[in-house]
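Data block for upload_23.tsv (TSV, C-alpha atoms):
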chain	number	residue	atom	x	y	z
X	11	MET	CA	-80.43	164.59	-37.23
X	12	ILE	CA	-82.43	164.83	-34.01
X	13	THR	CA	-83.40	168.43	-33.36
X	14	ASP	CA	-85.96	168.09	-30.52
X	15	TYR	CA	-86.33	165.58	-27.72
X	16	PHE	CA	-89.53	165.03	-25.71
X	17	ARG	CA	-90.16	162.70	-22.77
X	18	PRO	CA	-93.92	162.65	-22.10
X	19	GLN	CA	-95.38	161.23	-18.90
X	20	THR	CA	-98.64	159.95	-20.40
X	21	LEU	CA	-99.80	158.26	-23.56
X	22	ASP	CA	-102.05	161.25	-24.31
X	23	GLU	CA	-99.03	163.54	-24.33
X	24	ALA	CA	-97.07	161.13	-26.49
X	25	LEU	CA	-99.82	160.82	-29.10
X	26	ALA	CA	-100.25	164.58	-29.24
X	27	LEU	CA	-96.54	165.03	-29.83
X	28	LEU	CA	-96.40	162.25	-32.42
X	29	SER	CA	-99.15	163.95	-34.42
X	30	ARG	CA	-96.67	166.70	-35.30
X	31	PRO	CA	-94.83	166.55	-38.63
X	32	ASN	CA	-91.39	164.88	-38.68
X	33	THR	CA	-91.82	163.46	-35.18
X	34	LEU	CA	-90.92	159.85	-34.42
X	35	PRO	CA	-91.20	157.57	-31.37
X	36	LEU	CA	-87.98	156.68	-29.56
X	37	GLY	CA	-87.75	153.25	-27.97
X	38	GLY	CA	-84.36	151.61	-27.78
X	39	GLY	CA	-82.76	154.20	-30.05
X	40	THR	CA	-80.86	151.66	-32.14
X	41	LEU	CA	-82.06	153.26	-35.37
X	42	LEU	CA	-82.63	156.91	-34.49
X	43	SER	CA	-79.16	157.14	-32.99
X	44	HIS	CA	-77.72	156.97	-36.50
X	45	LEU	CA	-77.21	160.27	-38.24
X	46	GLN	CA	-80.03	161.20	-40.60
X	47	ALA	CA	-80.12	163.67	-43.42
X	48	ASP	CA	-83.53	165.01	-42.38
X	49	SER	CA	-84.22	166.82	-39.12
X	50	VAL	CA	-86.60	164.94	-36.82
X	51	SER	CA	-88.08	165.34	-33.38
X	52	VAL	CA	-88.25	162.29	-31.13
X	53	VAL	CA	-90.70	161.25	-28.43
X	54	ASP	CA	-89.12	159.07	-25.75
X	55	LEU	CA	-91.51	156.26	-24.72
X	56	GLN	CA	-89.72	155.20	-21.52
X	57	ARG	CA	-92.21	156.76	-19.08
X	58	LEU	CA	-95.37	155.34	-20.67
X	59	GLY	CA	-95.41	151.91	-19.02
X	60	LEU	CA	-95.12	150.04	-22.31
X	61	ASP	CA	-92.42	147.70	-20.99
X	62	SER	CA	-94.62	145.04	-19.37
X	63	LEU	CA	-94.30	141.39	-20.23
X	64	ARG	CA	-96.95	139.05	-18.85
X	65	ALA	CA	-98.76	135.82	-19.54
X	66	LYS	CA	-102.53	136.23	-19.59
X	67	GLY	CA	-104.48	133.03	-20.16
X	68	ASN	CA	-103.27	131.47	-23.39
X	69	GLU	CA	-101.49	134.64	-24.53
X	70	LEU	CA	-98.23	136.44	-23.86
X	71	GLU	CA	-98.65	140.21	-23.86
X	72	ILE	CA	-95.44	142.00	-24.84
X	73	GLY	CA	-95.23	145.74	-24.27
X	74	ALA	CA	-93.90	147.77	-27.18
X	75	THR	CA	-90.73	148.87	-25.37
X	76	VAL	CA	-89.79	145.43	-24.07
X	77	THR	CA	-86.31	144.73	-25.42
X	78	LEU	CA	-85.50	141.71	-27.53
X	79	GLN	CA	-83.26	140.42	-24.73
X	80	GLN	CA	-85.98	140.80	-22.10
X	81	LEU	CA	-88.31	138.74	-24.26
X	82	LEU	CA	-85.61	136.16	-24.90
X	83	GLU	CA	-84.99	135.76	-21.15
X	84	SER	CA	-88.68	135.42	-20.29
X	85	GLU	CA	-89.76	132.02	-19.00
X	86	HIS	CA	-92.84	132.31	-21.20
X	87	CYS	CA	-90.94	132.84	-24.45
X	88	PRO	CA	-91.13	129.70	-26.65
X	89	ALA	CA	-87.76	128.02	-27.25
X	90	ALA	CA	-88.05	128.41	-31.02
X	91	LEU	CA	-88.76	132.12	-30.65
X	92	LYS	CA	-85.64	132.41	-28.48
X	93	SER	CA	-83.65	130.94	-31.39
X	94	ALA	CA	-85.15	133.47	-33.78
X	95	LEU	CA	-84.35	136.32	-31.38
X	96	LYS	CA	-80.72	135.27	-31.07
X	97	LEU	CA	-80.45	135.37	-34.84
X	98	GLU	CA	-82.22	138.74	-35.10
X	99	ALA	CA	-79.43	140.76	-33.47
X	100	PRO	CA	-76.28	140.35	-31.37
X	101	LEU	CA	-76.52	140.65	-27.57
X	102	ASN	CA	-75.48	144.30	-27.36
X	103	LEU	CA	-78.29	145.30	-29.74
X	104	ARG	CA	-80.84	142.96	-28.18
X	105	ASN	CA	-80.30	144.75	-24.88
X	106	SER	CA	-81.53	148.02	-26.36
X	107	ALA	CA	-83.65	147.19	-29.42
X	108	THR	CA	-87.37	147.03	-28.63
X	109	VAL	CA	-89.86	144.54	-30.04
X	110	ALA	CA	-91.96	147.29	-31.63
X	111	GLY	CA	-88.97	149.11	-33.09
X	112	THR	CA	-87.69	145.87	-34.57
X	113	LEU	CA	-91.01	145.18	-36.28
X	114	VAL	CA	-91.33	148.71	-37.62
X	115	SER	CA	-87.86	148.69	-39.16
X	116	CYS	CA	-87.32	145.05	-40.18
X	117	ASP	CA	-87.33	143.55	-43.64
X	118	GLY	CA	-87.98	140.06	-44.97
X	119	ARG	CA	-84.75	138.72	-43.49
X	120	SER	CA	-86.04	139.24	-39.96
X	121	SER	CA	-86.14	135.92	-38.10
X	122	PHE	CA	-88.18	137.59	-35.33
X	123	ALA	CA	-90.87	138.82	-37.73
X	124	THR	CA	-90.97	135.44	-39.48
X	125	ALA	CA	-91.62	133.67	-36.16
X	126	LEU	CA	-94.31	136.20	-35.19
X	127	LEU	CA	-95.99	135.78	-38.56
X	128	ALA	CA	-96.20	132.02	-38.03
X	129	LEU	CA	-97.66	132.62	-34.56
X	130	ASP	CA	-100.28	134.99	-36.00
X	131	ALA	CA	-99.23	137.68	-33.53
X	132	LYS	CA	-101.60	140.56	-32.83
X	133	ILE	CA	-100.41	144.17	-33.03
X	134	GLU	CA	-102.14	146.77	-30.86
X	135	GLN	CA	-101.79	150.41	-31.88
X	136	ALA	CA	-103.01	153.58	-30.17
X	137	ILE	CA	-104.53	156.44	-32.14
X	138	TYR	CA	-106.41	159.65	-31.43
X	139	ASP	CA	-110.06	159.65	-32.52
X	140	ASN	CA	-111.88	162.88	-31.63
X	141	SER	CA	-109.41	163.50	-28.79
X	142	ILE	CA	-110.03	160.01	-27.37
X	143	ILE	CA	-107.39	157.29	-27.35
X	144	VAL	CA	-108.60	154.31	-29.35
X	145	TYR	CA	-106.74	150.99	-29.45
X	146	ARG	CA	-106.88	149.07	-32.69
X	147	VAL	CA	-105.72	145.48	-32.99
X	148	SER	CA	-104.64	143.87	-36.26
X	149	ASN	CA	-103.02	140.60	-37.25
X	150	ILE	CA	-99.33	140.84	-38.04
X	151	GLY	CA	-100.13	139.67	-41.56
X	152	GLU	CA	-102.25	142.80	-42.02
X	153	TYR	CA	-99.67	145.05	-40.39
X	154	MET	CA	-96.45	143.97	-42.12
X	155	PRO	CA	-97.12	144.96	-45.76
X	156	LEU	CA	-98.14	148.56	-44.99
X	157	ARG	CA	-96.31	149.20	-41.67
X	158	SER	CA	-98.79	151.71	-40.26
X	159	THR	CA	-97.06	154.65	-38.60
X	160	LYS	CA	-99.48	154.61	-35.65
X	161	LEU	CA	-97.87	153.99	-32.27
X	162	ILE	CA	-97.55	150.29	-31.38
X	163	THR	CA	-98.42	149.71	-27.72
X	164	LYS	CA	-98.47	145.92	-27.44
X	165	ILE	CA	-97.75	142.69	-29.30
X	166	THR	CA	-99.59	139.51	-28.32
X	167	ILE	CA	-98.57	135.96	-29.17
X	168	PRO	CA	-100.35	132.68	-28.34
X	169	LEU	CA	-99.01	130.38	-25.65
X	170	ASN	CA	-101.19	127.45	-26.69
X	171	ALA	CA	-99.35	126.97	-29.99
X	172	LYS	CA	-96.21	124.93	-30.58
X	173	LEU	CA	-93.50	126.68	-32.61
X	174	ALA	CA	-90.54	125.42	-34.62
X	175	PHE	CA	-87.93	127.58	-36.35
X	176	GLU	CA	-85.21	126.59	-38.84
X	177	TYR	CA	-82.86	128.60	-41.01
X	178	VAL	CA	-79.89	128.57	-43.38
X	179	ALA	CA	-77.30	131.37	-43.36
X	180	ARG	CA	-73.74	131.98	-44.49
X	181	THR	CA	-72.57	131.82	-40.88
X	182	PRO	CA	-74.36	130.69	-37.68
X	183	SER	CA	-74.79	134.30	-36.55
X	184	ASP	CA	-75.63	135.86	-39.91
X	185	LYS	CA	-79.07	136.93	-41.08
X	186	PRO	CA	-80.82	134.03	-42.83
X	187	ILE	CA	-80.78	133.44	-46.55
X	188	VAL	CA	-83.89	131.34	-45.93
X	189	CYS	CA	-85.79	130.74	-42.70
X	190	ALA	CA	-89.01	128.96	-41.86
X	191	ALA	CA	-91.27	129.04	-38.82
X	192	LEU	CA	-94.15	126.65	-38.23
X	193	ALA	CA	-96.82	127.07	-35.56
X	194	GLN	CA	-99.40	124.42	-34.71
X	195	TRP	CA	-102.45	124.64	-32.50
X	196	GLY	CA	-103.34	121.20	-31.15
X	197	GLY	CA	-103.31	119.62	-34.57
X	198	LYS	CA	-106.25	121.76	-35.66
X	199	ARG	CA	-104.38	124.60	-37.33
X	200	ALA	CA	-100.93	125.10	-38.84
X	201	ARG	CA	-99.27	128.31	-40.05
X	202	LEU	CA	-96.01	128.34	-41.99
X	203	ALA	CA	-94.04	131.54	-42.57
X	204	VAL	CA	-90.88	131.85	-44.62
X	205	GLY	CA	-88.35	134.68	-44.76
X	206	GLY	CA	-84.90	135.66	-45.94
X	207	TRP	CA	-85.64	138.16	-48.72
X	208	GLY	CA	-87.84	141.08	-49.70
X	209	LYS	CA	-89.55	143.71	-47.58
X	210	SER	CA	-91.29	141.34	-45.19
X	211	PRO	CA	-91.64	137.59	-44.48
X	212	SER	CA	-94.27	135.63	-46.39
X	213	LEU	CA	-97.11	133.52	-45.07
X	214	ALA	CA	-96.83	130.25	-46.96
X	215	MET	CA	-99.73	128.37	-45.39
X	216	ASP	CA	-102.53	128.76	-42.87
X	217	GLY	CA	-104.70	125.67	-42.75
X	218	THR	CA	-106.26	122.96	-40.67
X	219	GLU	CA	-103.44	120.48	-41.16
X	220	ALA	CA	-99.80	120.39	-42.23
X	221	GLU	CA	-100.38	118.33	-45.38
X	222	GLY	CA	-98.82	120.00	-48.41
X	223	LEU	CA	-96.40	121.92	-46.21
X	224	GLU	CA	-93.34	121.44	-48.44
X	225	SER	CA	-95.18	122.53	-51.58
X	226	ALA	CA	-96.50	125.61	-49.78
X	227	ALA	CA	-92.95	126.54	-48.75
X	228	GLN	CA	-91.74	126.20	-52.34
X	229	ASN	CA	-94.61	128.26	-53.73
X	230	ALA	CA	-93.86	131.10	-51.32
X	231	CYS	CA	-90.34	131.40	-52.76
X	232	HIS	CA	-91.02	131.29	-56.47
X	233	GLU	CA	-90.08	134.98	-56.93
X	234	ALA	CA	-87.42	135.15	-54.21
X	235	THR	CA	-84.36	135.87	-56.34
X	236	ASP	CA	-81.99	138.58	-55.06
X	237	ASP	CA	-78.26	139.18	-54.60
X	238	TRP	CA	-78.09	136.54	-51.88
X	239	ALA	CA	-79.69	133.57	-53.63
X	240	SER	CA	-81.85	132.43	-56.52
X	241	ALA	CA	-85.53	131.61	-56.22
X	242	GLU	CA	-84.77	128.01	-57.19
X	243	TYR	CA	-82.30	127.68	-54.32
X	244	ARG	CA	-84.72	129.17	-51.82
X	245	MET	CA	-87.57	126.95	-53.03
X	246	ASP	CA	-85.46	123.86	-52.43
X	247	VAL	CA	-84.15	124.99	-49.04
X	248	ALA	CA	-87.52	126.28	-47.80
X	249	SER	CA	-89.08	122.91	-48.53
X	250	THR	CA	-86.40	121.18	-46.48
X	251	LEU	CA	-86.69	123.65	-43.60
X	252	ALA	CA	-90.47	123.30	-43.52
X	253	LYS	CA	-90.11	119.54	-43.26
X	254	ARG	CA	-87.61	119.93	-40.41
X	255	CYS	CA	-90.04	122.19	-38.58
X	256	LEU	CA	-92.80	119.64	-38.90
X	257	VAL	CA	-90.58	116.87	-37.60
X	258	ALA	CA	-89.54	119.06	-34.65
X	259	LEU	CA	-93.17	119.50	-33.63
X	260	GLN	CA	-94.07	115.81	-33.79

Would you mind writing the file out in structure tokens?
Amino acid sequence: MITDYFRPQTLDEALALLSRPNTLPLGGGTLLSHLQADSVSVVDLQRLGLDSLRAKGNELEIGATVTLQQLLESEHCPAALKSALKLEAPLNLRNSATVAGTLVSCDGRSSFATALLALDAKIEQAIYDNSIIVYRVSNIGEYMPLRSTKLITKITIPLNAKLAFEYVARTPSDKPIVCAALAQWGGKRARLAVGGWGKSPSLAMDGTEAEGLESAAQNACHEATDDWASAEYRMDVASTLAKRCLVALQ
């Protein structure tokens, strides 16, 4: 349960508060609003100016407290990422869930995280280093396995990459059993990510061309058996979805 609530006016204040034990950041509140067995203090991020969304050169900078719906409605959001966002959560949750909160709490069935992994998104986090705020940037592929508890301040995705997203689910609005996202940069680089199981999506391929795409998708699923589907099923479907993504980008 939430025992203390803080609403700092500056990032310095927020970081100082978050350094306390059992203290968590509060963005959209979609997770912390649920009753918890342990007592926690929360730090509201609303006053910190982390809700900006702007195109800068070939990149889209997404503030940590931008909601999923705000990103979806942005003119700069790629169409395939919009599809992944619609699958991530229903409208009522998208209106409150933040991009950072979604990444922190998601698992391998996250269509949003799968798309960001294909896009090689960058995660900026703020930390205290000798009483000075230091911003550290990591690739999403480095961030996802460990999920650092440092405060996310910004997520950056490329605007000079084409993105395709495909999925298979029990119903059109359900979380995917298998999903695939393919990003291409002018024919010089291709990244394929697959999701639908486990703790986080998997990077199936990052190369200079899309040759061998279907095999890469299959290889990423060879241990993907769970209560939803077998690894053999996912290998077959992922291969098909990867091919569809490639066709969509041609």

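A straight line drawn from atom CA of X:Tyr145 to atom CA of X:His86 is 24.7 Å long.
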
Residues of stretch 116-205 of chain X that have any atom at most 12 Å from an atom of stretch 222-227 of chain X: could you tabulate them with the shortest-distance atom pair and the distance in Å to one decimal, using all atoms listed in the file, ordered by chain and increasing number, as a Markdown table?
| residue | atom | partner | partner_atom | distance |
| --- | --- | --- | --- | --- |
| X:Val188 | CA | X:Ala227 | CA | 10.6 |
| X:Cys189 | CA | X:Ala227 | CA | 10.3 |
| X:Ala190 | CA | X:Ala227 | CA | 8.3 |
| X:Ala191 | CA | X:Ala227 | CA | 10.4 |
| X:Leu192 | CA | X:Leu223 | CA | 9.5 |
| X:Ala193 | CA | X:Leu223 | CA | 11.8 |
| X:Ala200 | CA | X:Leu223 | CA | 9.2 |
| X:Arg201 | CA | X:Leu223 | CA | 9.3 |
| X:Leu202 | CA | X:Ala227 | CA | 7.6 |
| X:Ala203 | CA | X:Ala227 | CA | 8.0 |
| X:Val204 | CA | X:Ala227 | CA | 7.0 |
| X:Gly205 | CA | X:Ala227 | CA | 10.2 |

Restricting the calculation to all atoms listed in the file, which member of X:Ser121, X:Gln194, X:Ser141, X:Asn68 is positioned closest to X:Asn170?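 Nearest to X:Asn170: X:Asn68.
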
Polymer residues at most 7 Å from stretch 135-137 of chain X, only C-alpha atoms, same-chain spacing of 2 or more positions, as a ChimeraX atom specification: /X:133,139,143-147,160-163

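Of note, atom CA of X:Asp130 and atom CA of X:Val109 are spaced 15.3 Å apart.
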
Taking (-93.0, 127.7, -26.7) in the file's coordinates as the center, which residues reach within 8 Å of it, counting only C-alpha atoms, put as number ranges by chain? X: 86-91, 169, 171-173

Find the residues near X:Val53: any atom within 6 Å, counting only C-alpha atoms, skip ones fewer than 3 places away on the same chain, and give them as a list in words.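 Residues meeting the cut-off are Phe16, Arg17, Pro35 and Leu36 of chain X.
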
Skip X:Arg57 itself and residues of its chain fewer than 3 positions away, then list as a CSV table (one decimal) with C-alpha atoms, keeping the file's coordinate frame all residues within 10 Å of it, counting all atoms listed in the file.
chain,number,residue,atom,x,y,z
X,17,ARG,CA,-90.2,162.7,-22.8
X,18,PRO,CA,-93.9,162.6,-22.1
X,19,GLN,CA,-95.4,161.2,-18.9
X,20,THR,CA,-98.6,160.0,-20.4
X,21,LEU,CA,-99.8,158.3,-23.6
X,24,ALA,CA,-97.1,161.1,-26.5
X,54,ASP,CA,-89.1,159.1,-25.8
X,60,LEU,CA,-95.1,150.0,-22.3
X,61,ASP,CA,-92.4,147.7,-21.0

Could you list, as a count of residues only, every residue within 8 Å of X:Gly37, counting only C-alpha atoms and ignoring same-chain residues fewer than 4 positions away? 7

Could you tell me which of X:Pro100, X:Gly196, X:Pro155, X:Gly217 comes closest to X:Ser183 if we count only C-alpha atoms?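 Distance minimum relative to X:Ser183 lands on X:Pro100.
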
I'd like to know which of X:Ser210, X:Thr181, X:Ser51, X:Ser29 is closest to X:Gly151, using all atoms listed in the file.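 Ranked by minimum distance to X:Gly151, first place goes to X:Ser210.
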
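Here atom CA of X:Leu127 stands at a distance of 12.1 Å from atom CA of X:Ala94.
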
Might you pull out every residue within 9 Å of X:Asn32, with only C-alpha atoms counted and same-chain residues fewer than 5 positions away left off, and present them as a compact mmCIF listing (two decimals) with C-alpha atoms, in the coordinates of the input?
# COMPACT_ATOMS: atom_id res chain seq x y z
CA ASP X 48 -83.53 165.01 -42.38
CA SER X 49 -84.22 166.82 -39.12
CA VAL X 50 -86.60 164.94 -36.82
CA SER X 51 -88.08 165.34 -33.38
CA VAL X 52 -88.25 162.29 -31.13

Pick from X:Ala174, X:Leu213, X:Ile165, X:Ala99, whichever lies nearest to X:Ala65 using all atoms listed in the file: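 Smallest separation from X:Ala65 among the options: X:Ile165.
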
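You can rank X:Pro182, X:Pro211, X:Gly197, X:Pro31 by their closest distance to X:Phe122 using only C-alpha atoms, and at the top of that list sits X:Pro211.
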
Centre and size of axis-aligned box enclosing stretch 15-24 of chain X plus 4 Å each side, as AutoDock Vina command-line options:
--center_x -94.2 --center_y 161.9 --center_z -23.3 --size_x 23.7 --size_y 15.3 --size_z 16.8

Which of these residues is nearest to X:Glu242, using all atoms listed in the file: X:Asn149, X:Thr33, X:Asn229, X:Thr124? X:Asn229

Once you count only C-alpha atoms, which residues end up no further than 10 Å from (-86.0, 124.1, -44.5) in the file's frame, shown as a ChimeraX atom specification? /X:175-178,188-191,204,224,227-228,244-256
